[in-house]
Amino acid sequence: MAVIAGLVVGLFLLILSLVAPQSYQAVRGAALDVTAPISGGLNEVTATVTGLVSGAGNYWDAASQNEQLKRDRAALMIRMVEARAIVEENKQLKAALQLRERIRSTVATGRVVGSSFESPRRFAIISVGTSDGVQVGMPVRAPEGLIGRVIDAGSTASRVLLVSDRANIVPARILRGGQPVISTGRGDGTIDVRPLEVGRNPFKPGDIIVTSGTGGLYPPLVPIAKIIRLDDDGAIALPIADPSRVSFAIVEPPFEPTALAVATAPTEETP
Amino acid sequence: MVRSALATKGARLNQGPRTGADYLPAATVIIGSMISLLPIVSATGWWPDWGLLLLVAWRLLRADAWPAWWAAPLGFINDLVVGNPIGLSVALWAAMMLAMDILDRRTMWRDYWIEWGIAALFIALAELAQWRVAALLGAPVPLGVTAGPAILIGVLCFPIAAFLAARVDRWRLGR
């Protein structure tokens with residue numbers, strides 16, 4: 001019976017995708033190329049509609065908003081001057097220590113056009129692919145913070161493993177104090193952070209978690225998440241770069257180029 | 001003889017199924033899979049798998065909606081579009097067709113509530129399989145925060161899929 005053959009073929013394909021996830025790279029990439037333009041086109045429409053609605057809403061209390069923004073700008077000006085001074089000082093100190101500054105480059109910039117809203121995995125689709133220079137394993141960030149890393153690349157679209165996915169483990173540290181922690185997704189849009197060293201719970205609600213650069217894939221000091229709740233020996237955090245809100249997804253080369261070879265090697269993490 | 005019935009040209013009589021009626025059920029399943037292409041960027045994966053819901057709805061409505069083996073290629077399309085590990089839906093959907101064939105042979109009748117129960121069972125099994133495969137692929141998410149709500153939402157959405165399948169069935173057969 002043909003349906004039994006279908007079942008057997010399905011099981012075979014499934015076992016193959018479990019033991020050798022890389023074997024479907026070409027076909028998955030091609031499927032992304034075919035389907036992503038649909039999401040992209042629809043995304044334009046919804047962005048325009050929501051833009052009209054929120055644009056109208058902004059006019060509603062423009063006067064008080066203007067006041068607020070002016071106050072904020074004045075405060076930020078002071079902070080910016082302070083930050084400039086610190087950057088200058090940092091540069092001088094680094095020069096004194098003869099640390100080499102790495103120039104951060106961008107591989108490609110795209111938009112987040114879709115997500116896996118019907119599966120327990122957390123993926124997003126971005127509108128750039130191998131024709132823009134994107135390769136599997138490259139880190140993806142937004143101006144606000146880290147989004148994840150590329151796991152499937154088609155020629156015009158790629159699939160990103162979000163930091164909120166369970167399989168995405170990011171070496172990180174607490175911005176306040178710099179204690180090393182490990183960030184793991186929880187699959188429901190939040191992130192689980194645990195300290196590397198066992199001991200007193202180092203987290204406080206409101207703490208910012210940034211990448212540490214350990215492992216060489218993600219660049220250091222990219223914001224990942226903000227602590228919202230403590231549990232017994234770690235904490236639950238909310239990603240700072242919400243994939244549904246970010247304006248752009250920036251694909252960067254791996255921080256240490258050798259890390260890409262490790263990331264693209266068949267691991268258990270890539271489906 | 002009621003001549004008026006014969007005289008009115010084609011109002012009720014001589015209306016066969018619409019062209020392409022044999023392929024329409026499968027097409028709706030593919031459209032259901034393609035709902036995942038909507039530009040919804042969600043933090044959680046609780047949305048139902050509409051391809052699966054429509055497949056189960058069609059199969060419960062009619063045993064001859066498509067040859068049973070079509071479930072395998074339909075599952076393959078679903079895997080590619082949704083981004084599942086390839087083979088997951090192929091195996092699951094083919095297995096569901098087999099299970100339904102066995103169920104049809106064993107049961108004398110079924111009413112709406114039994115159909116909903118069967119659909120709930122299939123949806124739960126599919127979500128659990130997806131959850132298990134995700135765990136095997138290195139993402140052991142807790143059951144309560146992902147598969148649990150997804151099963152509940154899928155089961156509650158099934159009547160919509162059943163309604164759509166029934167409506168499309170009536171339309172395609174021109175009745």
# chains A, B, ... in the order shown; residues from 1 in each chain; ligands from 1

$ select_by_dssp --residues "stretch 17-171 of chain B" --states "helix (DSSP H, G or I)" --output "MDAnalysis selection string"
chainID B and resid 24:37 50:61 68:82 88:106 112:136 147:171

$ write_last_selection --atoms "C-alpha atoms" --output "CSV table (one decimal), in the first residue's frame"
chain,number,residue,atom,x,y,z
B,24,LEU,CA,-9.2,21.1,-4.0
B,25,PRO,CA,-8.9,19.3,-0.6
B,26,ALA,CA,-5.2,18.8,-1.0
B,27,ALA,CA,-4.8,22.5,-2.1
B,28,THR,CA,-6.6,23.7,1.0
B,29,VAL,CA,-4.2,21.7,3.2
B,30,ILE,CA,-1.2,23.4,1.4
B,31,ILE,CA,-2.9,26.8,1.9
B,32,GLY,CA,-3.2,25.8,5.6
B,33,SER,CA,0.5,25.1,5.8
B,34,MET,CA,1.2,28.4,4.1
B,35,ILE,CA,-0.5,30.3,6.9
B,36,SER,CA,2.9,30.0,8.7
B,37,LEU,CA,4.2,32.4,6.0
B,50,TRP,CA,-3.3,24.8,10.2
B,51,GLY,CA,-2.1,22.3,7.6
B,52,LEU,CA,-2.5,19.5,10.1
B,53,LEU,CA,-5.9,20.8,11.3
B,54,LEU,CA,-7.2,20.9,7.7
B,55,LEU,CA,-5.8,17.5,6.9
B,56,VAL,CA,-7.5,15.9,9.9
B,57,ALA,CA,-10.7,17.8,9.2
B,58,TRP,CA,-10.9,16.6,5.6
B,59,ARG,CA,-10.0,13.1,6.5
B,60,LEU,CA,-12.8,13.0,9.1
B,61,LEU,CA,-15.2,14.5,6.7
B,68,ALA,CA,-4.2,8.1,1.4
B,69,TRP,CA,-0.6,8.3,0.1
B,70,TRP,CA,-1.0,11.9,-0.8
B,71,ALA,CA,-0.5,12.6,2.9
B,72,ALA,CA,3.2,12.0,2.5
B,73,PRO,CA,4.0,14.6,-0.1
B,74,LEU,CA,1.6,17.0,1.6
B,75,GLY,CA,3.6,16.5,4.8
B,76,PHE,CA,6.8,17.1,2.9
B,77,ILE,CA,5.5,20.5,1.7
B,78,ASN,CA,4.4,21.3,5.2
B,79,ASP,CA,7.9,20.5,6.6
B,80,LEU,CA,9.5,22.7,4.0
B,81,VAL,CA,7.1,25.6,4.4
B,82,VAL,CA,6.9,25.6,8.2
B,88,LEU,CA,8.4,14.8,10.7
B,89,SER,CA,5.1,15.7,9.0
B,90,VAL,CA,5.7,13.1,6.2
B,91,ALA,CA,5.8,10.3,8.8
B,92,LEU,CA,3.1,11.7,11.1
B,93,TRP,CA,0.6,12.5,8.4
B,94,ALA,CA,1.0,9.2,6.6
B,95,ALA,CA,0.6,7.4,10.0
B,96,MET,CA,-2.6,9.4,10.6
B,97,MET,CA,-4.1,8.3,7.3
B,98,LEU,CA,-3.3,4.7,8.3
B,99,ALA,CA,-4.8,5.2,11.8
B,100,MET,CA,-8.0,6.7,10.2
B,101,ASP,CA,-8.3,3.8,7.8
B,102,ILE,CA,-8.2,1.4,10.7
B,103,LEU,CA,-10.6,3.5,12.7
B,104,ASP,CA,-13.1,3.6,9.8
B,105,ARG,CA,-13.0,-0.2,9.6
B,106,ARG,CA,-13.5,-0.7,13.3
B,112,TYR,CA,-19.4,15.4,16.0
B,113,TRP,CA,-18.1,14.9,19.5
B,114,ILE,CA,-16.3,11.7,18.7
B,115,GLU,CA,-14.7,13.4,15.6
B,116,TRP,CA,-13.5,16.3,17.8
B,117,GLY,CA,-12.1,13.7,20.3
B,118,ILE,CA,-10.2,11.9,17.5
B,119,ALA,CA,-8.9,15.2,16.2
B,120,ALA,CA,-7.8,16.2,19.7
B,121,LEU,CA,-5.9,12.9,20.0
B,122,PHE,CA,-4.2,13.5,16.6
B,123,ILE,CA,-3.3,17.1,17.4
B,124,ALA,CA,-1.9,16.1,20.8
B,125,LEU,CA,0.1,13.3,19.3
B,126,ALA,CA,1.5,15.6,16.6
B,127,GLU,CA,2.5,18.3,19.1
B,128,LEU,CA,4.1,15.7,21.4
B,129,ALA,CA,6.0,14.2,18.5
B,130,GLN,CA,7.2,17.7,17.5
B,131,TRP,CA,8.2,18.4,21.1
B,132,ARG,CA,10.1,15.1,21.3
B,133,VAL,CA,11.9,15.7,18.0
B,134,ALA,CA,12.9,19.2,19.2
B,135,ALA,CA,14.3,17.6,22.3
B,136,LEU,CA,16.3,15.2,20.2
B,147,ALA,CA,3.4,21.8,23.8
B,148,GLY,CA,0.7,22.1,26.4
B,149,PRO,CA,-0.8,25.5,25.3
B,150,ALA,CA,-0.2,24.5,21.7
B,151,ILE,CA,-2.3,21.4,22.1
B,152,LEU,CA,-5.1,23.3,23.8
B,153,ILE,CA,-5.2,26.0,21.2
B,154,GLY,CA,-5.0,23.5,18.4
B,155,VAL,CA,-7.9,21.5,19.8
B,156,LEU,CA,-10.0,24.6,20.3
B,157,CYS,CA,-9.3,25.7,16.7
B,158,PHE,CA,-10.2,22.4,15.2
B,159,PRO,CA,-14.0,23.2,14.8
B,160,ILE,CA,-13.0,26.1,12.5
B,161,ALA,CA,-11.0,23.8,10.3
B,162,ALA,CA,-13.9,21.3,10.3
B,163,PHE,CA,-16.3,24.1,9.3
B,164,LEU,CA,-14.0,25.3,6.5
B,165,ALA,CA,-13.5,21.8,5.2
B,166,ALA,CA,-17.3,21.2,5.1
B,167,ARG,CA,-17.9,24.5,3.4
B,168,VAL,CA,-15.2,23.9,0.7
B,169,ASP,CA,-16.5,20.4,0.2
B,170,ARG,CA,-20.1,21.7,-0.4
B,171,TRP,CA,-18.7,24.3,-2.8

$ interface_residues --of "chain A" --to "chain B" --cutoff "6 Å" --atoms "only C-alpha atoms" --output "list of chain:residue names"
A:Ala2, A:Val3, A:Gly6, A:Leu7, A:Gly10, A:Leu11, A:Leu13, A:Leu14, A:Ala31, A:Ser39, A:Asn43, A:Val113, A:Gly114, A:Ser115, A:Phe117, A:Glu118, A:Ser119, A:Pro120, A:Arg166, A:Ala167, A:Asp188, A:Gly189, A:Ser244, A:Glu268, A:Glu269, A:Pro271

$ residues_around --residues "A:Pro223" --least-positions-apart "4" --cutoff "9 Å" --atoms "only C-alpha atoms" --output "CSV table (one decimal) with N, CA and C atoms, in the first residue's frame"
chain,number,residue,atom,x,y,z
A,144,GLU,N,19.3,47.2,18.8
A,144,GLU,CA,19.0,47.1,20.2
A,144,GLU,C,19.8,46.1,20.9
A,145,GLY,N,20.0,44.9,20.2
A,145,GLY,CA,20.7,43.8,20.9
A,145,GLY,C,20.8,42.6,20.1
A,146,LEU,N,21.2,41.5,20.7
A,146,LEU,CA,21.4,40.2,19.9
A,146,LEU,C,20.1,39.6,19.5
A,175,LEU,N,26.2,42.9,33.0
A,175,LEU,CA,26.9,44.1,32.7
A,175,LEU,C,27.4,44.8,34.0
A,208,ILE,N,21.2,44.0,33.2
A,208,ILE,CA,21.3,43.7,31.8
A,208,ILE,C,22.4,42.6,31.5
A,209,ILE,N,22.0,41.7,30.7
A,209,ILE,CA,23.0,40.6,30.3
A,209,ILE,C,23.5,40.9,29.0
A,210,VAL,N,24.9,40.9,28.8
A,210,VAL,CA,25.5,41.2,27.5
A,210,VAL,C,26.4,40.0,27.1
A,211,THR,N,26.7,39.9,25.8
A,211,THR,CA,27.5,38.8,25.4
A,211,THR,C,28.9,39.0,26.0
A,239,PRO,N,14.4,39.0,26.3
A,239,PRO,CA,15.3,39.5,25.3
A,239,PRO,C,15.1,41.0,25.1
A,240,ILE,N,16.2,41.7,24.9
A,240,ILE,CA,16.1,43.2,24.7
A,240,ILE,C,15.7,43.5,23.3
A,241,ALA,N,16.3,42.7,22.3
A,241,ALA,CA,15.9,42.9,20.9
A,241,ALA,C,14.7,42.0,20.6

$ atom_distance --atom1 "atom CA of A:Ser183" --atom2 "atom CA of A:Ile126"
22.6 Å

$ residues_around --residues "A:Ala30" --least-positions-apart "2" --cutoff "12 Å" --atoms "only C-alpha atoms" --output "VMD selection string"
(chain A and resid 24 to 28 32 to 36 129 to 130 152 to 159) or (chain B and resid 80 to 81 83)

$ write_last_selection --atoms "N, CA and C atoms" --output "PDB file, in the first residue's frame"
ATOM      1  N   TYR A  24      20.060  18.360   4.458  1.00  0.00           N
ATOM      2  CA  TYR A  24      18.953  19.022   3.772  1.00  0.00           C
ATOM      3  C   TYR A  24      19.213  20.490   3.491  1.00  0.00           C
ATOM      4  N   GLN A  25      20.489  20.920   3.665  1.00  0.00           N
ATOM      5  CA  GLN A  25      20.752  22.344   3.588  1.00  0.00           C
ATOM      6  C   GLN A  25      20.256  22.967   2.283  1.00  0.00           C
ATOM      7  N   ALA A  26      20.535  22.299   1.162  1.00  0.00           N
ATOM      8  CA  ALA A  26      20.183  22.876  -0.137  1.00  0.00           C
ATOM      9  C   ALA A  26      18.672  22.996  -0.280  1.00  0.00           C
ATOM     10  N   VAL A  27      17.948  21.915   0.055  1.00  0.00           N
ATOM     11  CA  VAL A  27      16.494  21.925  -0.164  1.00  0.00           C
ATOM     12  C   VAL A  27      15.815  22.891   0.797  1.00  0.00           C
ATOM     13  N   ARG A  28      16.320  22.995   2.035  1.00  0.00           N
ATOM     14  CA  ARG A  28      15.730  23.941   2.986  1.00  0.00           C
ATOM     15  C   ARG A  28      15.985  25.372   2.552  1.00  0.00           C
ATOM     16  N   LEU A  32      13.211  28.234   1.548  1.00  0.00           N
ATOM     17  CA  LEU A  32      13.215  29.586   2.129  1.00  0.00           C
ATOM     18  C   LEU A  32      13.128  30.643   1.037  1.00  0.00           C
ATOM     19  N   ASP A  33      13.896  30.426  -0.044  1.00  0.00           N
ATOM     20  CA  ASP A  33      13.896  31.411  -1.125  1.00  0.00           C
ATOM     21  C   ASP A  33      12.513  31.547  -1.737  1.00  0.00           C
ATOM     22  N   VAL A  34      11.789  30.409  -1.841  1.00  0.00           N
ATOM     23  CA  VAL A  34      10.470  30.452  -2.466  1.00  0.00           C
ATOM     24  C   VAL A  34       9.467  31.127  -1.539  1.00  0.00           C
ATOM     25  N   THR A  35       9.538  30.828  -0.234  1.00  0.00           N
ATOM     26  CA  THR A  35       8.469  31.276   0.662  1.00  0.00           C
ATOM     27  C   THR A  35       8.718  32.661   1.264  1.00  0.00           C
ATOM     28  N   ALA A  36       9.978  33.048   1.439  1.00  0.00           N
ATOM     29  CA  ALA A  36      10.242  34.313   2.128  1.00  0.00           C
ATOM     30  C   ALA A  36       9.690  35.546   1.405  1.00  0.00           C
ATOM     31  N   GLY A 129      20.272  36.589   2.284  1.00  0.00           N
ATOM     32  CA  GLY A 129      20.747  35.219   2.140  1.00  0.00           C
ATOM     33  C   GLY A 129      22.154  35.162   1.589  1.00  0.00           C
ATOM     34  N   THR A 130      22.508  33.986   1.038  1.00  0.00           N
ATOM     35  CA  THR A 130      23.892  33.783   0.607  1.00  0.00           C
ATOM     36  C   THR A 130      24.316  34.761  -0.488  1.00  0.00           C
ATOM     37  N   ASP A 152      19.924  28.317   8.643  1.00  0.00           N
ATOM     38  CA  ASP A 152      19.670  27.896   7.264  1.00  0.00           C
ATOM     39  C   ASP A 152      19.839  29.124   6.400  1.00  0.00           C
ATOM     40  N   ALA A 153      20.549  28.975   5.288  1.00  0.00           N
ATOM     41  CA  ALA A 153      20.707  30.128   4.416  1.00  0.00           C
ATOM     42  C   ALA A 153      20.271  29.761   3.009  1.00  0.00           C
ATOM     43  N   GLY A 154      19.245  30.449   2.507  1.00  0.00           N
ATOM     44  CA  GLY A 154      18.884  30.366   1.099  1.00  0.00           C
ATOM     45  C   GLY A 154      19.601  31.478   0.384  1.00  0.00           C
ATOM     46  N   SER A 155      19.335  31.656  -0.932  1.00  0.00           N
ATOM     47  CA  SER A 155      20.114  32.689  -1.600  1.00  0.00           C
ATOM     48  C   SER A 155      19.541  34.074  -1.338  1.00  0.00           C
ATOM     49  N   THR A 156      18.256  34.188  -0.985  1.00  0.00           N
ATOM     50  CA  THR A 156      17.712  35.525  -0.693  1.00  0.00           C
ATOM     51  C   THR A 156      17.071  35.612   0.692  1.00  0.00           C
ATOM     52  N   ALA A 157      17.086  34.539   1.454  1.00  0.00           N
ATOM     53  CA  ALA A 157      16.486  34.584   2.793  1.00  0.00           C
ATOM     54  C   ALA A 157      17.213  33.584   3.680  1.00  0.00           C
ATOM     55  N   SER A 158      17.196  33.811   4.972  1.00  0.00           N
ATOM     56  CA  SER A 158      17.822  32.866   5.887  1.00  0.00           C
ATOM     57  C   SER A 158      16.960  32.689   7.129  1.00  0.00           C
ATOM     58  N   ARG A 159      17.200  31.548   7.798  1.00  0.00           N
ATOM     59  CA  ARG A 159      16.481  31.258   9.024  1.00  0.00           C
ATOM     60  C   ARG A 159      17.445  31.467  10.185  1.00  0.00           C
TER      61      ARG A 159
ATOM     62  N   LEU B  80       8.680  21.701   4.648  1.00  0.00           N
ATOM     63  CA  LEU B  80       9.509  22.713   3.999  1.00  0.00           C
ATOM     64  C   LEU B  80       9.012  24.111   4.309  1.00  0.00           C
ATOM     65  N   VAL B  81       7.696  24.301   4.273  1.00  0.00           N
ATOM     66  CA  VAL B  81       7.141  25.643   4.433  1.00  0.00           C
ATOM     67  C   VAL B  81       7.243  26.090   5.885  1.00  0.00           C
ATOM     68  N   GLY B  83       9.186  24.784   8.261  1.00  0.00           N
ATOM     69  CA  GLY B  83      10.544  24.756   8.793  1.00  0.00           C
ATOM     70  C   GLY B  83      10.740  23.682   9.836  1.00  0.00           C
TER      71      GLY B  83
END

$ atom_distance --atom1 "atom CA of A:Ile147" --atom2 "atom CA of A:Arg122"
11.0 Å

$ residues_around --residues "A:Lys226" --least-positions-apart "6" --cutoff "6 Å" --atoms "only C-alpha atoms" --output "PDB file with C-alpha atoms, in the first residue's frame"
ATOM      1  CA  GLY A 206      16.637  44.868  35.981  1.00  0.00           C
ATOM      2  CA  ASP A 207      20.185  43.626  35.378  1.00  0.00           C
ATOM      3  CA  ILE A 208      21.328  43.738  31.755  1.00  0.00           C
ATOM      4  CA  ALA A 237      15.233  37.340  31.473  1.00  0.00           C
ATOM      5  CA  LEU A 238      13.400  38.991  28.596  1.00  0.00           C
TER       6      LEU A 238
END

$ select_by_dssp --residues "stretch 201-262 of chain A" --states "strand (DSSP E or B)" --output "PDB file with N, CA and C atoms, in the first residue's frame"
ATOM      1  N   ILE A 208      21.190  43.953  33.195  1.00  0.00           N
ATOM      2  CA  ILE A 208      21.328  43.738  31.755  1.00  0.00           C
ATOM      3  C   ILE A 208      22.363  42.640  31.540  1.00  0.00           C
ATOM      4  N   ILE A 209      22.028  41.665  30.674  1.00  0.00           N
ATOM      5  CA  ILE A 209      22.956  40.598  30.324  1.00  0.00           C
ATOM      6  C   ILE A 209      23.550  40.938  28.957  1.00  0.00           C
ATOM      7  N   VAL A 210      24.867  40.901  28.826  1.00  0.00           N
ATOM      8  CA  VAL A 210      25.512  41.176  27.537  1.00  0.00           C
ATOM      9  C   VAL A 210      26.354  39.958  27.149  1.00  0.00           C
ATOM     10  N   THR A 211      26.662  39.865  25.844  1.00  0.00           N
ATOM     11  CA  THR A 211      27.522  38.768  25.405  1.00  0.00           C
ATOM     12  C   THR A 211      28.925  38.991  25.959  1.00  0.00           C
ATOM     13  N   PRO A 223      24.038  43.679  24.014  1.00  0.00           N
ATOM     14  CA  PRO A 223      22.992  43.376  24.994  1.00  0.00           C
ATOM     15  C   PRO A 223      22.156  42.172  24.559  1.00  0.00           C
ATOM     16  N   ILE A 224      21.859  41.278  25.490  1.00  0.00           N
ATOM     17  CA  ILE A 224      21.008  40.127  25.169  1.00  0.00           C
ATOM     18  C   ILE A 224      19.636  40.291  25.820  1.00  0.00           C
ATOM     19  N   ALA A 225      19.639  40.474  27.145  1.00  0.00           N
ATOM     20  CA  ALA A 225      18.360  40.385  27.845  1.00  0.00           C
ATOM     21  C   ALA A 225      18.409  41.192  29.125  1.00  0.00           C
ATOM     22  N   LYS A 226      17.217  41.369  29.694  1.00  0.00           N
ATOM     23  CA  LYS A 226      17.065  42.103  30.940  1.00  0.00           C
ATOM     24  C   LYS A 226      16.380  41.177  31.939  1.00  0.00           C
ATOM     25  N   ILE A 227      16.942  41.088  33.152  1.00  0.00           N
ATOM     26  CA  ILE A 227      16.388  40.173  34.165  1.00  0.00           C
ATOM     27  C   ILE A 227      15.009  40.674  34.605  1.00  0.00           C
ATOM     28  N   ILE A 228      14.035  39.743  34.610  1.00  0.00           N
ATOM     29  CA  ILE A 228      12.715  40.145  35.100  1.00  0.00           C
ATOM     30  C   ILE A 228      12.341  39.403  36.376  1.00  0.00           C
ATOM     31  N   ARG A 229      12.910  38.201  36.604  1.00  0.00           N
ATOM     32  CA  ARG A 229      12.497  37.445  37.776  1.00  0.00           C
ATOM     33  C   ARG A 229      13.647  36.539  38.206  1.00  0.00           C
ATOM     34  N   LEU A 230      13.828  36.367  39.489  1.00  0.00           N
ATOM     35  CA  LEU A 230      14.857  35.461  39.985  1.00  0.00           C
ATOM     36  C   LEU A 230      14.225  34.109  40.282  1.00  0.00           C
ATOM     37  N   ALA A 235      18.067  33.092  36.908  1.00  0.00           N
ATOM     38  CA  ALA A 235      17.042  34.111  36.727  1.00  0.00           C
ATOM     39  C   ALA A 235      16.410  33.950  35.353  1.00  0.00           C
ATOM     40  N   ILE A 236      15.226  34.520  35.211  1.00  0.00           N
ATOM     41  CA  ILE A 236      14.524  34.550  33.937  1.00  0.00           C
ATOM     42  C   ILE A 236      14.673  35.959  33.383  1.00  0.00           C
ATOM     43  N   ALA A 237      15.009  36.029  32.080  1.00  0.00           N
ATOM     44  CA  ALA A 237      15.233  37.340  31.473  1.00  0.00           C
ATOM     45  C   ALA A 237      14.407  37.458  30.203  1.00  0.00           C
ATOM     46  N   LEU A 238      14.161  38.702  29.805  1.00  0.00           N
ATOM     47  CA  LEU A 238      13.400  38.991  28.596  1.00  0.00           C
ATOM     48  C   LEU A 238      14.365  39.542  27.550  1.00  0.00           C
ATOM     49  N   PRO A 239      14.366  39.011  26.303  1.00  0.00           N
ATOM     50  CA  PRO A 239      15.301  39.537  25.298  1.00  0.00           C
ATOM     51  C   PRO A 239      15.101  41.033  25.082  1.00  0.00           C
ATOM     52  N   ALA A 249      17.671  43.626  10.993  1.00  0.00           N
ATOM     53  CA  ALA A 249      18.507  42.545  11.478  1.00  0.00           C
ATOM     54  C   ALA A 249      19.844  42.680  10.775  1.00  0.00           C
ATOM     55  N   ILE A 250      20.907  42.803  11.550  1.00  0.00           N
ATOM     56  CA  ILE A 250      22.236  43.015  10.984  1.00  0.00           C
ATOM     57  C   ILE A 250      23.010  41.709  11.115  1.00  0.00           C
ATOM     58  N   VAL A 251      23.456  41.165   9.980  1.00  0.00           N
ATOM     59  CA  VAL A 251      24.264  39.950  10.008  1.00  0.00           C
ATOM     60  C   VAL A 251      25.716  40.377  10.067  1.00  0.00           C
TER      61      VAL A 251
END

$ closest_residue --among "A:Ala63, A:Leu16, A:Leu162, A:Ala5" --to "A:Arg121" --atoms "only C-alpha atoms"
A:Leu162

$ residues_around --residues "A:Arg200" --least-positions-apart "5" --cutoff "10 Å" --atoms "only C-alpha atoms" --output "ChimeraX atom specification"
/A:195,232-234

$ write_last_selection --atoms "N, CA and C atoms" --output "PDB file, in the first residue's frame"
ATOM      1  N   PRO A 195      24.533  31.517  36.508  1.00  0.00           N
ATOM      2  CA  PRO A 195      25.944  31.871  36.690  1.00  0.00           C
ATOM      3  C   PRO A 195      26.826  30.649  36.410  1.00  0.00           C
ATOM      4  N   ASP A 232      15.597  29.947  41.882  1.00  0.00           N
ATOM      5  CA  ASP A 232      16.486  29.496  42.964  1.00  0.00           C
ATOM      6  C   ASP A 232      17.977  29.747  42.727  1.00  0.00           C
ATOM      7  N   ASP A 233      18.524  29.340  41.547  1.00  0.00           N
ATOM      8  CA  ASP A 233      19.951  29.582  41.371  1.00  0.00           C
ATOM      9  C   ASP A 233      20.261  30.346  40.091  1.00  0.00           C
ATOM     10  N   GLY A 234      19.248  30.908  39.471  1.00  0.00           N
ATOM     11  CA  GLY A 234      19.477  31.687  38.263  1.00  0.00           C
ATOM     12  C   GLY A 234      18.407  32.750  38.141  1.00  0.00           C
TER      13      GLY A 234
END

$ residues_around --residues "A:Pro180" --least-positions-apart "2" --cutoff "6 Å" --atoms "only C-alpha atoms" --output "PyMOL selection string"
chain A and resi 172-173+196

$ atom_distance --atom1 "atom CA of A:Val112" --atom2 "atom CA of A:Val128"
9.4 Å
